[in-house]
Each structure stands twice: as C-alpha cells, then as structure tokens.
file my_file.json (JSON, C-alpha atoms and all ligand atoms)
[["chain", "number", "residue", "atom", "x", "y", "z"],
["A", 1, "MET", "CA", -2.21, -27.06, -6.70],
["A", 2, "GLU", "CA", -1.65, -25.57, -3.28],
["A", 3, "PRO", "CA", -3.74, -22.47, -2.53],
["A", 4, "TRP", "CA", -1.77, -19.24, -2.29],
["A", 5, "THR", "CA", -2.89, -18.82, 1.31],
["A", 6, "HIS", "CA", -0.68, -21.74, 2.30],
["A", 7, "ARG", "CA", 2.39, -19.64, 1.50],
["A", 8, "ALA", "CA", 1.16, -16.49, 3.27],
["A", 9, "ALA", "CA", 3.70, -14.82, 5.53],
["A", 10, "CYS", "CA", 0.89, -14.08, 7.98],
["A", 11, "ARG", "CA", -0.16, -17.71, 8.42],
["A", 12, "ASP", "CA", 1.19, -17.87, 11.95],
["A", 13, "ALA", "CA", 0.70, -14.20, 12.83],
["A", 14, "ASP", "CA", -1.99, -12.85, 15.12],
["A", 15, "PRO", "CA", -4.98, -12.12, 12.82],
["A", 16, "ASP", "CA", -5.85, -9.07, 14.92],
["A", 17, "LEU", "CA", -2.64, -7.44, 13.70],
["A", 18, "PHE", "CA", -4.16, -7.16, 10.21],
["A", 19, "PHE", "CA", -7.49, -5.78, 11.41],
["A", 20, "PRO", "CA", -6.77, -2.70, 13.51],
["A", 21, "ILE", "CA", -9.74, -1.68, 15.63],
["A", 22, "THR", "CA", -10.30, 1.99, 16.24],
["A", 23, "GLU", "CA", -12.19, 1.65, 19.52],
["A", 24, "ASP", "CA", -10.18, 2.48, 22.62],
["A", 25, "ARG", "CA", -7.02, 3.02, 20.63],
["A", 26, "THR", "CA", -5.11, 6.14, 19.71],
["A", 27, "ARG", "CA", -4.24, 7.02, 16.13],
["A", 28, "ARG", "CA", -0.58, 6.44, 16.96],
["A", 29, "THR", "CA", -1.29, 2.91, 18.19],
["A", 30, "ILE", "CA", -3.28, 2.10, 15.06],
["A", 31, "ALA", "CA", -0.56, 3.51, 12.79],
["A", 32, "ALA", "CA", 2.05, 1.38, 14.55],
["A", 33, "GLN", "CA", -0.13, -1.69, 14.14],
["A", 34, "VAL", "CA", -0.64, -0.97, 10.43],
["A", 35, "ASP", "CA", 3.13, -0.57, 10.02],
["A", 36, "ARG", "CA", 3.74, -3.92, 11.72],
["A", 37, "ALA", "CA", 1.18, -5.65, 9.50],
["A", 38, "LYS", "CA", 2.66, -4.04, 6.39],
["A", 39, "ALA", "CA", 6.12, -5.24, 7.44],
["A", 40, "VAL", "CA", 4.82, -8.82, 7.38],
["A", 41, "CYS", "CA", 3.22, -8.24, 3.96],
["A", 42, "ALA", "CA", 6.49, -6.80, 2.64],
["A", 43, "ARG", "CA", 8.16, -10.17, 3.00],
["A", 44, "CYS", "CA", 5.18, -12.21, 1.82],
["A", 45, "PRO", "CA", 5.71, -14.28, -1.34],
["A", 46, "VAL", "CA", 2.00, -14.15, -2.25],
["A", 47, "TRP", "CA", 1.27, -10.47, -1.65],
["A", 48, "SER", "CA", 0.08, -9.86, -5.23],
["A", 49, "GLN", "CA", -2.42, -12.75, -5.07],
["A", 50, "CYS", "CA", -3.59, -11.48, -1.70],
["A", 51, "LEU", "CA", -4.03, -7.94, -2.99],
["A", 52, "SER", "CA", -5.87, -9.11, -6.11],
["A", 53, "TYR", "CA", -8.17, -11.27, -4.01],
["A", 54, "ALA", "CA", -8.95, -8.39, -1.64],
["A", 55, "ILE", "CA", -9.77, -6.02, -4.51],
["A", 56, "GLU", "CA", -11.80, -8.57, -6.46],
["A", 57, "THR", "CA", -13.83, -9.57, -3.40],
["A", 58, "ARG", "CA", -14.07, -5.96, -2.16],
["A", 59, "GLN", "CA", -12.66, -6.55, 1.29],
["A", 60, "ASP", "CA", -13.62, -3.42, 3.23],
["A", 61, "HIS", "CA", -11.49, -4.01, 6.30],
["A", 62, "GLY", "CA", -7.99, -4.97, 7.22],
["A", 63, "ILE", "CA", -4.56, -5.03, 5.65],
["A", 64, "TRP", "CA", -4.38, -7.20, 2.53],
["A", 65, "GLY", "CA", -1.46, -7.35, 0.15],
["A", 66, "GLY", "CA", 0.29, -4.64, 2.14],
["A", 67, "LEU", "CA", -2.46, -2.06, 1.66],
["A", 68, "THR", "CA", -5.13, -0.66, 3.93],
["A", 69, "ALA", "CA", -8.78, -0.59, 2.85],
["A", 70, "SER", "CA", -8.55, 3.05, 1.76],
["A", 71, "GLU", "CA", -5.34, 2.37, -0.16],
["A", 72, "ARG", "CA", -7.03, -0.55, -1.93],
["A", 73, "ARG", "CA", -10.06, 1.58, -2.81],
["A", 74, "ARG", "CA", -7.75, 4.19, -4.31],
["A", 75, "LEU", "CA", -5.94, 1.50, -6.29],
["A", 76, "ALA", "CA", -9.22, -0.01, -7.53],
["A", 77, "ARG", "CA", -10.52, 3.43, -8.56],
["A", 78, "ASN", "CA", -7.40, 4.09, -10.60],
["A", 79, "GLY", "CA", -7.76, 0.70, -12.29],
["A", 80, "THR", "CA", -5.19, -0.24, -14.86],
["A", 81, "GLU", "CA", -3.64, 3.22, -14.78],
["A", 82, "THR", "CA", -2.01, 2.32, -11.49],
["A", 83, "ARG", "CA", 0.77, -0.20, -11.55],
["A", 84, "ILE", "CA", 0.66, -2.54, -8.59],
["A", 85, "GLN", "CA", 4.01, -2.54, -6.85],
["A", 86, "ARG", "CA", 5.34, -4.61, -4.04],
["A", 87, "PRO", "CA", 4.53, -2.91, -0.73],
["A", 88, "PRO", "CA", 7.48, -1.08, 0.82],
["A", 89, "ASP", "CA", 9.27, -2.85, 3.63],
["A", 90, "ALA", "CA", 8.13, -1.00, 6.74],
["A", 91, "ALA", "CA", 10.55, -2.91, 8.98],
["B", 101, "LIG", "S1", 0.19, -9.96, 1.75],
["B", 101, "LIG", "FE1", 0.01, -9.70, 3.95],
["B", 101, "LIG", "S2", -2.12, -10.13, 4.48],
["B", 101, "LIG", "FE2", -1.73, -10.94, 2.41],
["B", 101, "LIG", "S3", -1.18, -13.08, 2.71],
["B", 101, "LIG", "FE3", 0.71, -11.92, 2.66],
["B", 101, "LIG", "S4", 1.18, -11.40, 4.80],
["B", 101, "LIG", "FE4", -0.96, -12.06, 4.70]]
call {"tool": "encode", "arguments": {"input": "my_file.json", "output": "structure tokens"}}
result
Amino acid sequence: MEPWTHRAACRDADPDLFFPITEDRTRRTIAAQVDRAKAVCARCPVWSQCLSYAIETRQDHGIWGGLTASERRRLARNGTETRIQRPPDAA
C-alpha cells in the first residue's frame, strides 16, 4: 500500500513554508507564512493521517495536519474530548 505521504498536498511545496523561523522575521510575516501553509493543508487529502502522525511522534516544530505545534499540544492535552476536525481553509 502506498504511504500516505505520497498523497500529501505539500509534496511539491517549499518545505520551509511549513517550518516558520522566528529569527529575522516579524510576527506578521510568520503569521502570513502559517496561513499559507494551513491553506495547503486545508486541501490535503491526508491531513488526518498527517496530524495523527505528528501527535503520535510528538513533532515539536512546524505545521502538520493544518495545526501549529502549540495547537497540536493543546489538541493532545485535550485527548479524546476534542474532536479532530478538518483544518479551516485559510485561502
Ligand atoms: S496536512 Fe499539510 S503538512 Fe500534512 S501532508 Fe497535508 S499538506 Fe503536508
């Protein structure tokens, strides 16, 4: 069976888009970059697998499954009480 990563919407995107770096950048620039990454995730057919993988492997950086690291930590803390929903389309 083909790995879920083969169907990722970000396969041909610039990886840096999903890993905003705070150095030498303003908050506004970072927020715009996060929005652009989330827009890609919003049309990704494997976003739930991506998000599950990121939570299970405790990815501390980057946008995975349409969520930032802090959003994933919040989701993981809330456990099964939080229903995972498709990320909103930020486009
Ligand atoms: S949800 Fe986002 S980061 Fe994850 S595979 Fe899809 S496009 Fe890439």
call {"tool": "residues_near_ligand", "arguments": {"input": "my_file.json", "ligand": "ligand LIG 101 (chain B)", "cutoff": "10 Å", "atoms": "all atoms listed in the file", "output": "number ranges by chain"}}
result
A: 4-13, 15, 17-19, 37-54, 62-68, 86-87
call {"tool": "axis_aligned_box", "arguments": {"input": "my_file.json", "around": "range 41-53 of chain A", "padding_each_side": "3 Å", "output": "AutoDock Vina command-line options"}}
result
--center_x 0.0 --center_y -10.5 --center_z -1.1 --size_x 22.3 --size_y 13.5 --size_z 16.1
call {"tool": "atom_distance", "arguments": {"input": "my_file.json", "atom1": "CA of Arg72 in chain A", "atom2": "CA of Ile55 in chain A"}}
result
6.6 Å
call {"tool": "closest_residue", "arguments": {"input": "my_file.json", "among": "A:Ala69, A:Arg58, A:Pro3, A:Asn78", "to": "Val34 in chain A", "atoms": "all atoms listed in the file"}}
result
A:Ala69
call {"tool": "atom_distance", "arguments": {"input": "my_file.json", "atom1": "CA of Ile30 in chain A", "atom2": "CA of Ala76 in chain A"}}
result
23.5 Å
call {"tool": "atom_distance", "arguments": {"input": "my_file.json", "atom1": "CA of Arg36 in chain A", "atom2": "CA of Glu2 in chain A"}}
result
26.9 Å
